[in-house]
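Have a look at the structure below before the remarks.
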Amino acid sequence: MARSLGARARLALGFETTYGTPPASGFIRMPFAPGLTVAAEQPLLDSELLGYGRDPLAPVKDAITADGDVVVPIDAEAWGHWLKAAFGAPTTSGTGLYTHEFQSGAWDLPSFALEKGLPEVPHYAMYPGCRVNQLQWSMERSGLVTATVGVIAQGEDKSATSQAGTLTEPALRRFGSFQGGVQRNGAALGNLVSAEITYANNLDRVETIRADGKIAGVEPGIAALTGNVVVRFADETLLQQAIDGDPCELVFGYALSSGESFTLTAHAVYLPRPRIGIDGPQGIQATFDWQAARDPGTGRMATATLINDVDQY
């Protein structure tokens, strides 16, 4: 009997036409990093009955929950499928290099099916009715660039063979930390040490009574775009903005020399007044836990723009 190896695991994604029904074809092989936790679990409920002695009676199965995280590279092609799942279908323009614009606030978020394959066992778990609950990533001076995608699924269906069929494999062109940058109101944000970004759909599970134990759906709530920026305290620009209560525009982005790029624009960002402490003789840093809101000028909170050679998502 072969033992399962993470190096041989694969992840396939296919967008659904009908919620909870995996597509018959069109699955994409998705790159992923260690930290894939999407799975179904079903806890056991201890028996509360008395009068049978000190030894417990058999437990009872509780409801099934299917969700988890996928850690993925932020790249020029496959990342677009996660953006589509989180924001909705983009508006695409251009030729050669295409510009895909994803806007926050969409009511209709596409559902998709994920298949996690462990061929040695063999074990293939299909998760229909998936939706993206949140995207989260960090920006630093060096290191690999990955994002954590929080997923809520309708349930889990196991099989000894793959149900995804022939997979389309996107080209892998990763962004690196060195190719990243943050702008504030059109100018580079100076003295920046690190940044964190989280976009959340705040999904609500529709937990109805069903014979198959699956949920009936997942509905979007009020979206949120939050994070923080850590800066060396060299001037009072951000501090004064926090005191005044005025918003600014923050743009988090990566760009390759070949022309591909990804940017997330938070159109109206509000900063809290931070506590600035002195921890020692070294440089003083300030952390601003920012949050974005709907901008009256653009009519939305955020815009994610991906430029690559893919003609559509």
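Scheme for the structure tokens: letters A, B, ... for chains in order shown; per-chain residue numbers from 1; ligand numbers from 1 in order shown.
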
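Using only C-alpha atoms, the contacts of A:Ala255 at a cut-off of 7 Å, with sequence neighbours closer than 4 positions omitted, comprise Gln179, Gly180, Gly259, Glu260, Ser261 and Phe262 of chain A.
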
Could you give me, as JSON, numbers by chain, each residue of stretch 27-200 of chain A that DSSP assigns to strand (DSSP E or B) when run on this structure's backbone? {"A": [28, 29, 39, 40, 41, 44, 45, 60, 61, 65, 66, 67, 68, 69, 70, 71, 72, 73, 75, 91, 92, 93, 98, 99, 100, 101, 102, 103, 112, 113, 114, 115, 116, 117, 118, 123, 124, 125, 126, 127, 128, 129, 130, 131, 132, 133, 134, 135, 136, 137, 138, 139, 144, 146, 147, 148, 149, 150, 151, 152, 157, 158, 159, 168, 174, 176, 180, 181, 182, 183, 184, 187, 188, 192, 193, 194, 195, 196, 197, 198, 199, 200]}

A:Arg141 surroundings by only C-alpha atoms, 10 Å radius, close-in-sequence under 5 positions cut, as a ChimeraX atom specification: /A:176-181,192-195

Nearest to A:Gln134: which of A:Leu239, A:Val151, A:Ala58, A:Leu50 is it, counting only C-alpha atoms?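 The answer is A:Val151, which sits nearest to A:Gln134.
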
Pick out the residues sitting within 8 Å of A:Cys130, and hand them over as an MDAnalysis selection string; count only C-alpha atoms, and ignore anything fewer than 3 positions along from it in its own chain. chainID A and resid 20 111:114 127 151:154

Expected file contents, prior selection, C-alpha atoms, as a JSON list (two decimals), in the first residue's frame:
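File produced: result.json:
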```
[["chain", "number", "residue", "atom", "x", "y", "z"],
["A", 20, "GLY", "CA", -23.32, 22.74, -5.59],
["A", 111, "SER", "CA", -19.29, 29.29, -6.80],
["A", 112, "PHE", "CA", -16.70, 26.70, -7.69],
["A", 113, "ALA", "CA", -15.73, 23.12, -6.98],
["A", 114, "LEU", "CA", -12.36, 22.08, -5.58],
["A", 127, "TYR", "CA", -15.81, 20.00, -2.52],
["A", 151, "VAL", "CA", -12.94, 28.80, 1.55],
["A", 152, "ILE", "CA", -16.38, 27.64, 2.67],
["A", 153, "ALA", "CA", -17.71, 24.58, 0.83],
["A", 154, "GLN", "CA", -21.16, 22.98, 0.70]]
```

Distance query stretch 84-88 of chain A at most 7 Å, only C-alpha atoms, self and fewer than 5 positions along chain excluded, as a PDB file with all heavy atoms, in the first residue's frame:
```
ATOM      1  N   PHE A 102     -11.342  43.798 -11.312  1.00  0.00           N
ATOM      2  CA  PHE A 102     -12.281  43.196 -10.375  1.00  0.00           C
ATOM      3  C   PHE A 102     -12.708  44.270  -9.372  1.00  0.00           C
ATOM      4  O   PHE A 102     -11.861  44.970  -8.818  1.00  0.00           O
ATOM      5  CB  PHE A 102     -11.633  42.029  -9.622  1.00  0.00           C
ATOM      6  CG  PHE A 102     -11.037  40.956 -10.495  1.00  0.00           C
ATOM      7  CD1 PHE A 102      -9.763  41.108 -11.038  1.00  0.00           C
ATOM      8  CD2 PHE A 102     -11.736  39.794 -10.759  1.00  0.00           C
ATOM      9  CE1 PHE A 102      -9.196  40.121 -11.823  1.00  0.00           C
ATOM     10  CE2 PHE A 102     -11.184  38.795 -11.554  1.00  0.00           C
ATOM     11  CZ  PHE A 102      -9.913  38.957 -12.087  1.00  0.00           C
ATOM     12  N   GLN A 103     -14.001  44.390  -9.139  1.00  0.00           N
ATOM     13  CA  GLN A 103     -14.509  45.428  -8.250  1.00  0.00           C
ATOM     14  C   GLN A 103     -15.183  44.813  -7.030  1.00  0.00           C
ATOM     15  O   GLN A 103     -15.870  43.791  -7.129  1.00  0.00           O
ATOM     16  CB  GLN A 103     -15.507  46.328  -8.995  1.00  0.00           C
ATOM     17  CG  GLN A 103     -14.900  47.066 -10.179  1.00  0.00           C
ATOM     18  CD  GLN A 103     -15.888  47.999 -10.855  1.00  0.00           C
ATOM     19  OE1 GLN A 103     -17.032  48.146 -10.411  1.00  0.00           O
ATOM     20  NE2 GLN A 103     -15.452  48.640 -11.922  1.00  0.00           N
ATOM     21  N   SER A 104     -14.994  45.451  -5.904  1.00  0.00           N
ATOM     22  CA  SER A 104     -15.613  44.986  -4.668  1.00  0.00           C
ATOM     23  C   SER A 104     -17.105  45.307  -4.674  1.00  0.00           C
ATOM     24  O   SER A 104     -17.580  46.152  -5.440  1.00  0.00           O
ATOM     25  CB  SER A 104     -14.950  45.652  -3.456  1.00  0.00           C
ATOM     26  OG  SER A 104     -15.177  47.057  -3.479  1.00  0.00           O
ATOM     27  N   ALA A 106     -19.740  43.202  -5.278  1.00  0.00           N
ATOM     28  CA  ALA A 106     -20.652  42.434  -6.135  1.00  0.00           C
ATOM     29  C   ALA A 106     -21.565  41.558  -5.279  1.00  0.00           C
ATOM     30  O   ALA A 106     -21.138  40.963  -4.289  1.00  0.00           O
ATOM     31  CB  ALA A 106     -19.860  41.577  -7.108  1.00  0.00           C
ATOM     32  N   ASP A 108     -23.325  38.974  -6.670  1.00  0.00           N
ATOM     33  CA  ASP A 108     -23.300  37.625  -7.236  1.00  0.00           C
ATOM     34  C   ASP A 108     -21.868  37.121  -7.283  1.00  0.00           C
ATOM     35  O   ASP A 108     -21.108  37.456  -8.191  1.00  0.00           O
ATOM     36  CB  ASP A 108     -23.919  37.638  -8.639  1.00  0.00           C
ATOM     37  CG  ASP A 108     -24.053  36.237  -9.223  1.00  0.00           C
ATOM     38  OD1 ASP A 108     -23.998  35.269  -8.444  1.00  0.00           O
ATOM     39  OD2 ASP A 108     -24.219  36.119 -10.456  1.00  0.00           O
ATOM     40  N   LEU A 109     -21.487  36.329  -6.297  1.00  0.00           N
ATOM     41  CA  LEU A 109     -20.155  35.740  -6.260  1.00  0.00           C
ATOM     42  C   LEU A 109     -20.213  34.337  -6.848  1.00  0.00           C
ATOM     43  O   LEU A 109     -21.056  33.524  -6.438  1.00  0.00           O
ATOM     44  CB  LEU A 109     -19.630  35.683  -4.829  1.00  0.00           C
ATOM     45  CG  LEU A 109     -19.476  37.034  -4.119  1.00  0.00           C
ATOM     46  CD1 LEU A 109     -18.970  36.807  -2.695  1.00  0.00           C
ATOM     47  CD2 LEU A 109     -18.550  37.952  -4.879  1.00  0.00           C
ATOM     48  N   PRO A 110     -19.345  34.010  -7.804  1.00  0.00           N
ATOM     49  CA  PRO A 110     -19.408  32.688  -8.432  1.00  0.00           C
ATOM     50  C   PRO A 110     -19.015  31.585  -7.458  1.00  0.00           C
ATOM     51  O   PRO A 110     -18.144  31.771  -6.603  1.00  0.00           O
ATOM     52  CB  PRO A 110     -18.407  32.802  -9.586  1.00  0.00           C
ATOM     53  CG  PRO A 110     -17.453  33.861  -9.150  1.00  0.00           C
ATOM     54  CD  PRO A 110     -18.260  34.845  -8.352  1.00  0.00           C
ATOM     55  N   SER A 111     -19.673  30.463  -7.586  1.00  0.00           N
ATOM     56  CA  SER A 111     -19.287  29.293  -6.801  1.00  0.00           C
ATOM     57  C   SER A 111     -18.388  28.400  -7.650  1.00  0.00           C
ATOM     58  O   SER A 111     -18.401  28.459  -8.883  1.00  0.00           O
ATOM     59  CB  SER A 111     -20.525  28.517  -6.334  1.00  0.00           C
ATOM     60  OG  SER A 111     -21.219  27.957  -7.435  1.00  0.00           O
ATOM     61  N   ARG A 131     -17.162  28.881  -1.969  1.00  0.00           N
ATOM     62  CA  ARG A 131     -17.056  30.323  -2.179  1.00  0.00           C
ATOM     63  C   ARG A 131     -15.903  30.841  -1.315  1.00  0.00           C
ATOM     64  O   ARG A 131     -15.593  30.284  -0.265  1.00  0.00           O
ATOM     65  CB  ARG A 131     -18.361  31.044  -1.845  1.00  0.00           C
ATOM     66  CG  ARG A 131     -19.426  30.877  -2.932  1.00  0.00           C
ATOM     67  CD  ARG A 131     -20.500  31.959  -2.861  1.00  0.00           C
ATOM     68  NE  ARG A 131     -21.312  31.948  -4.079  1.00  0.00           N
ATOM     69  CZ  ARG A 131     -22.524  31.426  -4.173  1.00  0.00           C
ATOM     70  NH1 ARG A 131     -23.065  30.850  -3.116  1.00  0.00           N
ATOM     71  NH2 ARG A 131     -23.191  31.481  -5.296  1.00  0.00           N
ATOM     72  N   VAL A 132     -15.284  31.937  -1.783  1.00  0.00           N
ATOM     73  CA  VAL A 132     -14.155  32.523  -1.069  1.00  0.00           C
ATOM     74  C   VAL A 132     -14.672  33.437   0.028  1.00  0.00           C
ATOM     75  O   VAL A 132     -15.404  34.398  -0.243  1.00  0.00           O
ATOM     76  CB  VAL A 132     -13.232  33.300  -2.027  1.00  0.00           C
ATOM     77  CG1 VAL A 132     -12.243  34.157  -1.251  1.00  0.00           C
ATOM     78  CG2 VAL A 132     -12.493  32.331  -2.938  1.00  0.00           C
TER      79      VAL A 132
END
```
